[in-house]
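**Student:** Got a structure for you, written out below as structure tokens; questions coming shortly.
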Amino acid sequence: MNILKELKKAWDNAVLTKSEKQAASADSLEQLKREIESASGTSVEKPVLPDAPTYEKIDYTAKTDEQLEQNAANAYKEYERKALENIEQSINAEREDLNKNKTDAQNAKDAKLEKIDELYDTAKKSLNDDVLKRGLARSSIAVAQSAGLEKSRADGKTEAENAFEKTAEEIARRILGLDEKKRGETAKLDKELTDKVAAKLEELKDKEREIALDALKYNNSIEEKTAKDKADRLKLEQTLYGQALDNAAKEKELSGSESATANMYASNYNKMDGLLGQMNRSDAARILKDDPFFRANLSDYLYYKLYTKYAG
């Protein structure tokens, strides 16, 4: 192997000049084909197959983090509404029970006071009747007994009032505590909702990533299928074109002399060599391998000579 030659070849392939790009252009190749077909008197129309089918891709726009957060929060809006409603109903029911207890305590106190007065009136009347019967209406005994009844009534009422006040104070304290209880229950609900929404958000993000990945995979498969269909179509067109060129060349060969055909192939070789020689080596090799026109318009010897020079 000539190392210097190979290095020069690699360098030549690495840098494309303007003239090399022009030589490898589709226009230059078509011009070569027209010249060869015109000189040979052979004109073969390149077959054009129907376009490959098109496939619709998934047009998917991923949701933003803000949208996902809103969706996660919305998932528990109804749960939150019912939970807050239950807390409110529970607090209100407890408040009603306490107010009812206070009313019952008030009624019980009033009934007890009324009963104390009834008992006092009965005892007072009995005492008066007794002292009158005994002639002691103004005696110290009558006064002392009357005072005792008054004191018993007063003590009974004080006891009833004190018991009621104690109950009322306890009920008032518990009513005041309902607001704190409500705040505690609401804070507990907020914590629960925060945890639920965070878990829901992660679930939505995972689902979003899965949907986006599925869409990407599907669209990639569509692109691959589309590219394959186009490549298969182009390959078939080239095959059909090569067959048509080959048939045309054979007809020309049969109708003319052997020397005329040899001269035509030699002329074709020189024109092809002239264009390929202006190209970057990689482009020359690619075009020579992919386009059946070269093989169809050269003898076996000249084609392999050209192939060895640029693609070997």
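Going by the structure tokens order, chains are called A, B, ..., each with residues numbered from 1, while ligands are numbered from 1 in the order shown.
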Residues at most 12 Å from Lys305 in chain A, counting only C-alpha atoms, excluding those fewer than 4 positions away in the same chain, as an MDAnalysis selection string?

**Tutor:** chainID A and resid 266 269:270 272:273 288 294:295 298:301 309:312

**Student:** From the DSSP assignment of the backbone, select every residue of range 35-149 of chain A that is helix (DSSP H, G or I), and format the answer as a compact mmCIF listing (two decimals) with N, CA and C atoms, in the first residue's frame.

**Tutor:**
```
# COMPACT_ATOMS: atom_id res chain seq x y z
N GLU A 35 -25.72 13.95 -23.18
CA GLU A 35 -24.66 13.90 -24.19
C GLU A 35 -24.44 12.48 -24.70
N ILE A 36 -24.42 11.53 -23.76
CA ILE A 36 -24.19 10.14 -24.16
C ILE A 36 -25.36 9.60 -24.96
N GLU A 37 -26.58 9.88 -24.49
CA GLU A 37 -27.77 9.39 -25.21
C GLU A 37 -27.88 10.02 -26.58
N SER A 38 -27.52 11.31 -26.67
CA SER A 38 -27.58 12.00 -27.96
C SER A 38 -26.55 11.44 -28.93
N ALA A 39 -25.35 11.16 -28.43
CA ALA A 39 -24.29 10.64 -29.29
C ALA A 39 -24.58 9.22 -29.74
N SER A 40 -25.21 8.44 -28.86
CA SER A 40 -25.48 7.04 -29.19
C SER A 40 -26.77 6.87 -29.95
N ASP A 65 -45.52 21.91 33.02
CA ASP A 65 -45.57 21.58 34.46
C ASP A 65 -46.72 22.30 35.13
N GLU A 66 -46.98 23.54 34.71
CA GLU A 66 -48.08 24.30 35.31
C GLU A 66 -49.42 23.63 35.03
N GLN A 67 -49.60 23.14 33.81
CA GLN A 67 -50.85 22.46 33.46
C GLN A 67 -51.00 21.17 34.26
N LEU A 68 -49.92 20.43 34.41
CA LEU A 68 -49.98 19.19 35.17
C LEU A 68 -50.29 19.47 36.64
N GLU A 69 -49.68 20.51 37.19
CA GLU A 69 -49.94 20.87 38.59
C GLU A 69 -51.40 21.26 38.77
N GLN A 70 -51.95 22.01 37.80
CA GLN A 70 -53.35 22.41 37.89
C GLN A 70 -54.26 21.20 37.79
N ASN A 71 -53.93 20.27 36.89
CA ASN A 71 -54.74 19.06 36.73
C ASN A 71 -54.70 18.21 38.00
N ALA A 72 -53.53 18.13 38.63
CA ALA A 72 -53.40 17.36 39.86
C ALA A 72 -54.25 17.98 40.97
N ALA A 73 -54.22 19.32 41.05
CA ALA A 73 -55.03 20.02 42.07
C ALA A 73 -56.52 19.85 41.78
N ASN A 74 -56.90 19.95 40.50
CA ASN A 74 -58.31 19.82 40.12
C ASN A 74 -58.86 18.43 40.43
N LYS A 77 -60.45 18.61 43.85
CA LYS A 77 -61.31 19.75 44.19
C LYS A 77 -62.61 19.28 44.84
N GLU A 78 -63.23 18.28 44.26
CA GLU A 78 -64.50 17.79 44.80
C GLU A 78 -64.27 17.13 46.16
N TYR A 79 -63.17 16.39 46.28
CA TYR A 79 -62.82 15.77 47.56
C TYR A 79 -62.63 16.84 48.63
N GLU A 80 -61.94 17.91 48.27
CA GLU A 80 -61.70 19.00 49.21
C GLU A 80 -63.01 19.67 49.61
N ARG A 81 -63.87 19.90 48.61
CA ARG A 81 -65.14 20.56 48.91
C ARG A 81 -65.97 19.74 49.89
N LYS A 82 -66.06 18.43 49.65
CA LYS A 82 -66.85 17.58 50.54
C LYS A 82 -66.22 17.49 51.93
N ALA A 83 -64.89 17.41 51.97
CA ALA A 83 -64.20 17.32 53.27
C ALA A 83 -64.42 18.59 54.09
N LEU A 84 -64.31 19.75 53.45
CA LEU A 84 -64.56 21.02 54.15
C LEU A 84 -66.02 21.12 54.60
N GLU A 85 -66.89 20.62 53.77
CA GLU A 85 -68.32 20.63 54.10
C GLU A 85 -68.57 19.74 55.32
N ASN A 86 -67.91 18.58 55.36
CA ASN A 86 -68.07 17.66 56.49
C ASN A 86 -67.52 18.27 57.78
N ILE A 87 -66.37 18.96 57.66
CA ILE A 87 -65.80 19.62 58.84
C ILE A 87 -66.76 20.68 59.35
N GLU A 88 -67.30 21.48 58.45
CA GLU A 88 -68.22 22.55 58.83
C GLU A 88 -69.47 21.98 59.48
N GLN A 89 -70.01 20.91 58.86
CA GLN A 89 -71.22 20.30 59.41
C GLN A 89 -70.94 19.71 60.79
N SER A 90 -69.79 19.06 60.95
CA SER A 90 -69.46 18.46 62.24
C SER A 90 -69.32 19.53 63.33
N ILE A 91 -68.63 20.63 63.01
CA ILE A 91 -68.45 21.71 63.99
C ILE A 91 -69.80 22.34 64.32
N ASN A 92 -70.62 22.56 63.31
CA ASN A 92 -71.93 23.17 63.55
C ASN A 92 -72.82 22.26 64.39
N ALA A 93 -72.74 20.95 64.11
CA ALA A 93 -73.55 20.01 64.88
C ALA A 93 -73.10 20.00 66.34
N GLU A 94 -71.79 20.05 66.57
CA GLU A 94 -71.27 20.07 67.93
C GLU A 94 -71.65 21.37 68.64
N ARG A 95 -71.62 22.48 67.88
CA ARG A 95 -72.01 23.76 68.46
C ARG A 95 -73.50 23.75 68.84
N GLU A 96 -74.32 23.17 67.99
CA GLU A 96 -75.74 23.07 68.28
C GLU A 96 -75.98 22.22 69.53
N ASP A 97 -75.23 21.11 69.64
CA ASP A 97 -75.38 20.25 70.82
C ASP A 97 -75.00 21.00 72.09
N LEU A 98 -73.92 21.77 72.02
CA LEU A 98 -73.49 22.52 73.21
C LEU A 98 -74.50 23.60 73.57
N ASN A 99 -75.02 24.29 72.56
CA ASN A 99 -76.04 25.31 72.85
C ASN A 99 -77.30 24.68 73.43
N LYS A 100 -77.62 23.50 72.93
CA LYS A 100 -78.78 22.79 73.47
C LYS A 100 -78.52 22.39 74.93
N ASN A 101 -77.30 21.94 75.21
CA ASN A 101 -76.94 21.58 76.58
C ASN A 101 -77.07 22.79 77.51
N LYS A 102 -76.66 23.95 76.98
CA LYS A 102 -76.77 25.17 77.79
C LYS A 102 -78.23 25.51 78.05
N THR A 103 -79.03 25.39 77.02
CA THR A 103 -80.47 25.65 77.18
C THR A 103 -81.09 24.67 78.17
N ASP A 104 -80.71 23.40 78.06
CA ASP A 104 -81.23 22.39 78.98
C ASP A 104 -80.81 22.69 80.42
N ALA A 105 -79.55 23.14 80.56
CA ALA A 105 -79.06 23.49 81.91
C ALA A 105 -79.82 24.69 82.46
N GLN A 106 -80.11 25.66 81.59
CA GLN A 106 -80.88 26.84 82.00
C GLN A 106 -82.28 26.43 82.43
N ASN A 107 -82.90 25.58 81.63
CA ASN A 107 -84.25 25.12 81.96
C ASN A 107 -84.26 24.31 83.26
N ALA A 108 -83.22 23.49 83.44
CA ALA A 108 -83.13 22.68 84.67
C ALA A 108 -82.95 23.59 85.88
N LYS A 109 -82.14 24.65 85.72
CA LYS A 109 -81.95 25.59 86.83
C LYS A 109 -83.25 26.31 87.16
N ASP A 110 -83.95 26.78 86.11
CA ASP A 110 -85.21 27.48 86.34
C ASP A 110 -86.23 26.58 87.03
N ALA A 111 -86.26 25.33 86.60
CA ALA A 111 -87.20 24.38 87.21
C ALA A 111 -86.83 24.13 88.67
N LYS A 112 -85.53 24.05 88.94
CA LYS A 112 -85.08 23.81 90.31
C LYS A 112 -85.41 25.00 91.20
N LEU A 113 -85.22 26.22 90.66
CA LEU A 113 -85.55 27.43 91.44
C LEU A 113 -87.05 27.49 91.72
N GLU A 114 -87.80 27.12 90.70
CA GLU A 114 -89.24 27.13 90.88
C GLU A 114 -89.66 26.09 91.92
N LYS A 115 -89.01 24.94 91.91
CA LYS A 115 -89.32 23.89 92.88
C LYS A 115 -88.93 24.33 94.29
N ILE A 116 -87.78 25.03 94.40
CA ILE A 116 -87.35 25.53 95.71
C ILE A 116 -88.39 26.50 96.26
N ASP A 117 -88.90 27.39 95.39
CA ASP A 117 -89.93 28.34 95.83
C ASP A 117 -91.21 27.61 96.25
N GLU A 118 -91.57 26.58 95.51
CA GLU A 118 -92.77 25.82 95.88
C GLU A 118 -92.61 25.15 97.24
N LEU A 119 -91.43 24.52 97.43
CA LEU A 119 -91.18 23.86 98.71
C LEU A 119 -91.14 24.88 99.85
N TYR A 120 -90.56 26.04 99.55
CA TYR A 120 -90.52 27.10 100.58
C TYR A 120 -91.94 27.56 100.94
N ASP A 121 -92.74 27.79 99.89
CA ASP A 121 -94.11 28.27 100.15
C ASP A 121 -94.90 27.24 100.97
N THR A 122 -94.73 25.98 100.65
CA THR A 122 -95.44 24.92 101.38
C THR A 122 -94.97 24.85 102.84
N ALA A 123 -93.64 24.90 103.01
CA ALA A 123 -93.08 24.84 104.36
C ALA A 123 -93.46 26.08 105.16
N LYS A 124 -93.47 27.25 104.50
CA LYS A 124 -93.81 28.51 105.19
C LYS A 124 -95.27 28.48 105.66
N LYS A 125 -96.13 28.00 104.78
CA LYS A 125 -97.55 27.92 105.13
C LYS A 125 -97.75 26.95 106.29
N SER A 126 -97.06 25.80 106.23
CA SER A 126 -97.20 24.82 107.30
C SER A 126 -96.70 25.38 108.64
N LEU A 127 -95.60 26.17 108.56
CA LEU A 127 -95.04 26.76 109.77
C LEU A 127 -96.00 27.80 110.35
N ASN A 128 -96.55 28.62 109.47
CA ASN A 128 -97.48 29.65 109.94
C ASN A 128 -98.71 29.03 110.61
N ASP A 129 -99.22 28.01 109.96
CA ASP A 129 -100.41 27.36 110.54
C ASP A 129 -100.08 26.77 111.91
N ASP A 130 -98.88 26.20 112.02
CA ASP A 130 -98.50 25.54 113.28
C ASP A 130 -98.32 26.54 114.41
N VAL A 131 -97.62 27.66 114.11
CA VAL A 131 -97.36 28.62 115.18
C VAL A 131 -98.65 29.33 115.59
N LEU A 132 -99.56 29.54 114.63
CA LEU A 132 -100.84 30.15 114.97
C LEU A 132 -101.66 29.22 115.88
N LYS A 133 -101.62 27.98 115.50
CA LYS A 133 -102.38 27.01 116.30
C LYS A 133 -101.83 26.93 117.72
N ARG A 134 -100.55 27.10 117.82
CA ARG A 134 -99.93 26.97 119.13
C ARG A 134 -99.80 28.32 119.80
N SER A 140 -90.06 33.89 119.52
CA SER A 140 -88.71 33.75 118.96
C SER A 140 -88.56 32.43 118.21
N ILE A 141 -89.31 31.46 118.62
CA ILE A 141 -89.25 30.14 117.94
C ILE A 141 -89.76 30.28 116.51
N ALA A 142 -90.89 30.99 116.36
CA ALA A 142 -91.47 31.19 115.02
C ALA A 142 -90.52 31.97 114.14
N VAL A 143 -89.92 33.00 114.72
CA VAL A 143 -88.99 33.83 113.93
C VAL A 143 -87.77 33.00 113.50
N ALA A 144 -87.25 32.21 114.42
CA ALA A 144 -86.08 31.41 114.11
C ALA A 144 -86.38 30.37 113.03
N GLN A 145 -87.54 29.72 113.14
CA GLN A 145 -87.90 28.72 112.13
C GLN A 145 -88.14 29.36 110.76
N SER A 146 -88.77 30.55 110.79
CA SER A 146 -89.02 31.27 109.53
C SER A 146 -87.69 31.66 108.88
N ALA A 147 -86.75 32.12 109.71
CA ALA A 147 -85.43 32.50 109.18
C ALA A 147 -84.70 31.28 108.60
N GLY A 148 -84.89 30.14 109.25
CA GLY A 148 -84.25 28.92 108.75
C GLY A 148 -84.77 28.53 107.39
N LEU A 149 -86.13 28.70 107.22
CA LEU A 149 -86.70 28.40 105.91
C LEU A 149 -86.15 29.34 104.83
```

**Student:** Taking a cut-off of 6 Å and counting only C-alpha atoms, can you build a table that, for each residue of range 22-127 of chain A near range 217-238 of chain A, reports the nearest atom pair and how far apart they are in Å (one decimal), sorted by chain then residue number, as a Markdown table?

**Tutor:**
```
| residue | atom | partner | partner_atom | distance |
| --- | --- | --- | --- | --- |
| A:Pro47 | CA | A:Glu237 | CA | 6.0 |
| A:Ala52 | CA | A:Asp229 | CA | 5.9 |
| A:Lys57 | CA | A:Asn219 | CA | 5.5 |
```

**Student:** Print the selection's residues with N, CA and C atoms to a file, as a PDB file, in the first residue's frame.

**Tutor:**
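Saved as out_25.pdb:
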```pdb
ATOM      1  N   PRO A  47     -38.072   5.915 -15.857  1.00  0.00           N
ATOM      2  CA  PRO A  47     -39.403   5.654 -15.294  1.00  0.00           C
ATOM      3  C   PRO A  47     -39.613   6.417 -13.982  1.00  0.00           C
ATOM      4  N   ALA A  52     -44.575   7.398  -2.984  1.00  0.00           N
ATOM      5  CA  ALA A  52     -44.799   6.475  -1.872  1.00  0.00           C
ATOM      6  C   ALA A  52     -45.942   6.994  -1.001  1.00  0.00           C
ATOM      7  N   LYS A  57     -48.580  11.471  11.136  1.00  0.00           N
ATOM      8  CA  LYS A  57     -47.897  11.377  12.417  1.00  0.00           C
ATOM      9  C   LYS A  57     -48.816  11.843  13.548  1.00  0.00           C
TER      10      LYS A  57
END
```

**Student:** When you draw a straight line from CA of Ala24 in chain A to CA of Asn280 in chain A, how long is it in Å?

**Tutor:** 7.9 Å

**Student:** Considering only C-alpha atoms, can you say which of A:Arg183, A:Lys63, A:Arg281, A:Lys33 comes closest to Ala296 in chain A?

**Tutor:** A:Lys33

**Student:** Just the number, please: distance in Å from CA of Asp27 in chain A to CA of Lys271 in chain A, one decimal.

**Tutor:**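 Separating CA of Asp27 in chain A from CA of Lys271 in chain A is a distance of 15.0 Å.
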
**Student:** Taking only C-alpha atoms into account, name the residue in A:Ser282, A:Thr194, A:Asn297, A:Ser19 that is nearest to Gln243 in chain A.

**Tutor:**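 For Gln243 in chain A, the nearest of the candidates is A:Asn297.
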